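Single-structure report; data block below.
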Amino acid sequence: MEVSNRAEGLKETYDVAGRDFSSAGAASSRIKRILQQIGVDQGIIRRIAVSSYEAEMNLVIHASNGGRITLDISPDAVTILVEDDGPGITDIKKAMQPGYSTASDEIREMGFGAGMGLPNMQSCADELEISSEPGVGTTLKMVFMNR
Amino acid sequence: MKLRQVVNELNLEHLCGGDLDSVEVTGGYTSDLMSDVIAKAKKGDVWITNQKHLNIVAVASLLNLAGVIVAGGLRPDDATIEKAKEENVSLFVSDLPAFEVVGRLYNMGLRTNAG
């Protein structure tokens, strides 16, 4: 309890480099470690780990200059905010469809770009909001209730 | 069953990570699609795959998998093995095709992990 009180209000932002497959997953690992340290329920940690990993890989794969992931922990909820500066998503509805992907063959050969990232995040998060402007960037907010 | 039993039975080459005698294997999962694995593989699973790049380590670590078996005679490169050491992810290789690895594990009693 003492630990969890200390973490209330904790907010951290991680930079994720575009196209850097060698350190991809580092932000998600850090987020998972923090949640474990403050004693968040294992099932919630799993949902957050899956979602943050998918979001992180999207930054690595798609965002021209990478992006940022912000972890925001309040007593009631864990919020993951993912932001980048482009290229943006032209058709969000399509992007949310399972199986739809704009990833290159090279990315697909690595087992990414199967068009399951956003659907996975949607099924894991209690709330998911996504907004995007082509040429400007994408913002994705996921909320996980801490019950 | 312990990881040691899996390693012995399948004659796996152990590249790095993990204490074979203490890690418990509770199930198995096989897929080469990262999003499929991250969504469905469970804690305690061994993951059988033909992917051998560095990112298998992050997935295994995030999910607390018991280990990763790279099948089909494929070998992860040194960077992947180094990463696995850092994250304490148990990495194995087998010359057997993935189908054969999965079949043998199934015969040993491992199933898809529901939890």
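By order of appearance in the structure tokens: chains A, B, ..., then residues from 1 within every chain, and ligands from 1 in the order shown.
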
Quiz item: So which bits of segment 11-145 of chain A end up strand (DSSP E or B) when you DSSP the backbone, as a PyMOL selection string?
Solution: chain A and resi 11-16+67-73+77-84+127-133+137-145

Practice problem: Compile the residues of chain B that lie within 7 Å of chain A, evaluated using only C-alpha atoms, and express the compilation as a ChimeraX atom specification. | Solution: /B:32-35,38-39,51,54,58,62

Exercise. Select, from B:Asn8, B:Asn55, B:Asn88, B:Thr80, the residue with the minimum atom-to-atom distance to Asp20 of chain A, counting only C-alpha atoms.
Key: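 The answer is B:Asn55, which sits nearest to Asp20 of chain A.
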
Quiz prompt | d(atom CA of Arg19 of chain A, atom CA of Ile61 of chain A) in Å | solution = 5.8 Å

Exercise. Quick one: pull the distance between atom CA of Ala125 of chain A and atom CA of Pro98 of chain A, Å, one decimal.
Key: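 Between atom CA of Ala125 of chain A and atom CA of Pro98 of chain A the gap is 16.0 Å.
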
Exercise. Could you check how far atom CA of Ala27 of chain A sits from atom CA of Asp72 of chain A, in Å to one decimal?
Key: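 Separation between atom CA of Ala27 of chain A and atom CA of Asp72 of chain A: 13.3 Å.
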
Exercise. Give the alpha helix (DSSP H) residues of chain B, as assigned by DSSP on the backbone, as an MDAnalysis selection string.
Key: chainID B and resid 3:10 34:40 55:62 78:87 98:107

Writer output for current selection, C-alpha atoms, as a PDB file, in the first residue's frame:
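Written out: result-v9.pdb:
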ATOM      1  CA  LEU B   3      11.868 -26.568 -18.587  1.00  0.00           C
ATOM      2  CA  ARG B   4      14.628 -29.153 -18.094  1.00  0.00           C
ATOM      3  CA  GLN B   5      12.249 -31.941 -19.050  1.00  0.00           C
ATOM      4  CA  VAL B   6      11.304 -30.180 -22.285  1.00  0.00           C
ATOM      5  CA  VAL B   7      14.947 -29.541 -23.139  1.00  0.00           C
ATOM      6  CA  ASN B   8      15.965 -33.137 -22.498  1.00  0.00           C
ATOM      7  CA  GLU B   9      13.023 -34.732 -24.272  1.00  0.00           C
ATOM      8  CA  LEU B  10      13.425 -32.631 -27.425  1.00  0.00           C
ATOM      9  CA  MET B  34       3.930 -11.129 -33.336  1.00  0.00           C
ATOM     10  CA  SER B  35       0.500  -9.595 -32.728  1.00  0.00           C
ATOM     11  CA  ASP B  36      -1.042 -13.034 -32.498  1.00  0.00           C
ATOM     12  CA  VAL B  37       1.519 -14.169 -29.959  1.00  0.00           C
ATOM     13  CA  ILE B  38       1.331 -11.032 -27.833  1.00  0.00           C
ATOM     14  CA  ALA B  39      -2.463 -11.313 -27.737  1.00  0.00           C
ATOM     15  CA  LYS B  40      -2.756 -15.029 -27.063  1.00  0.00           C
ATOM     16  CA  ASN B  55      11.936  -8.705 -31.126  1.00  0.00           C
ATOM     17  CA  ILE B  56      10.997 -12.215 -30.018  1.00  0.00           C
ATOM     18  CA  VAL B  57      12.837 -11.369 -26.790  1.00  0.00           C
ATOM     19  CA  ALA B  58      10.647  -8.392 -25.870  1.00  0.00           C
ATOM     20  CA  VAL B  59       7.487 -10.394 -26.548  1.00  0.00           C
ATOM     21  CA  ALA B  60       8.670 -13.326 -24.423  1.00  0.00           C
ATOM     22  CA  SER B  61       9.737 -11.013 -21.633  1.00  0.00           C
ATOM     23  CA  LEU B  62       6.530  -8.958 -21.591  1.00  0.00           C
ATOM     24  CA  ASP B  78      24.281 -12.768 -31.520  1.00  0.00           C
ATOM     25  CA  ALA B  79      22.366  -9.526 -30.910  1.00  0.00           C
ATOM     26  CA  THR B  80      19.221 -11.516 -30.183  1.00  0.00           C
ATOM     27  CA  ILE B  81      21.051 -13.846 -27.813  1.00  0.00           C
ATOM     28  CA  GLU B  82      22.635 -10.867 -26.034  1.00  0.00           C
ATOM     29  CA  LYS B  83      19.238  -9.229 -25.640  1.00  0.00           C
ATOM     30  CA  ALA B  84      17.774 -12.464 -24.288  1.00  0.00           C
ATOM     31  CA  LYS B  85      20.592 -12.667 -21.737  1.00  0.00           C
ATOM     32  CA  GLU B  86      19.855  -9.102 -20.631  1.00  0.00           C
ATOM     33  CA  GLU B  87      16.169  -9.817 -20.222  1.00  0.00           C
ATOM     34  CA  ALA B  98       8.073 -26.418 -35.845  1.00  0.00           C
ATOM     35  CA  PHE B  99       5.339 -28.995 -36.539  1.00  0.00           C
ATOM     36  CA  GLU B 100       7.462 -31.743 -35.043  1.00  0.00           C
ATOM     37  CA  VAL B 101       8.424 -29.679 -31.986  1.00  0.00           C
ATOM     38  CA  VAL B 102       4.789 -28.846 -31.277  1.00  0.00           C
ATOM     39  CA  GLY B 103       3.707 -32.449 -31.804  1.00  0.00           C
ATOM     40  CA  ARG B 104       6.254 -33.775 -29.358  1.00  0.00           C
ATOM     41  CA  LEU B 105       5.316 -31.188 -26.747  1.00  0.00           C
ATOM     42  CA  TYR B 106       1.669 -32.119 -27.178  1.00  0.00           C
ATOM     43  CA  ASN B 107       2.552 -35.764 -26.683  1.00  0.00           C
TER      44      ASN B 107
END
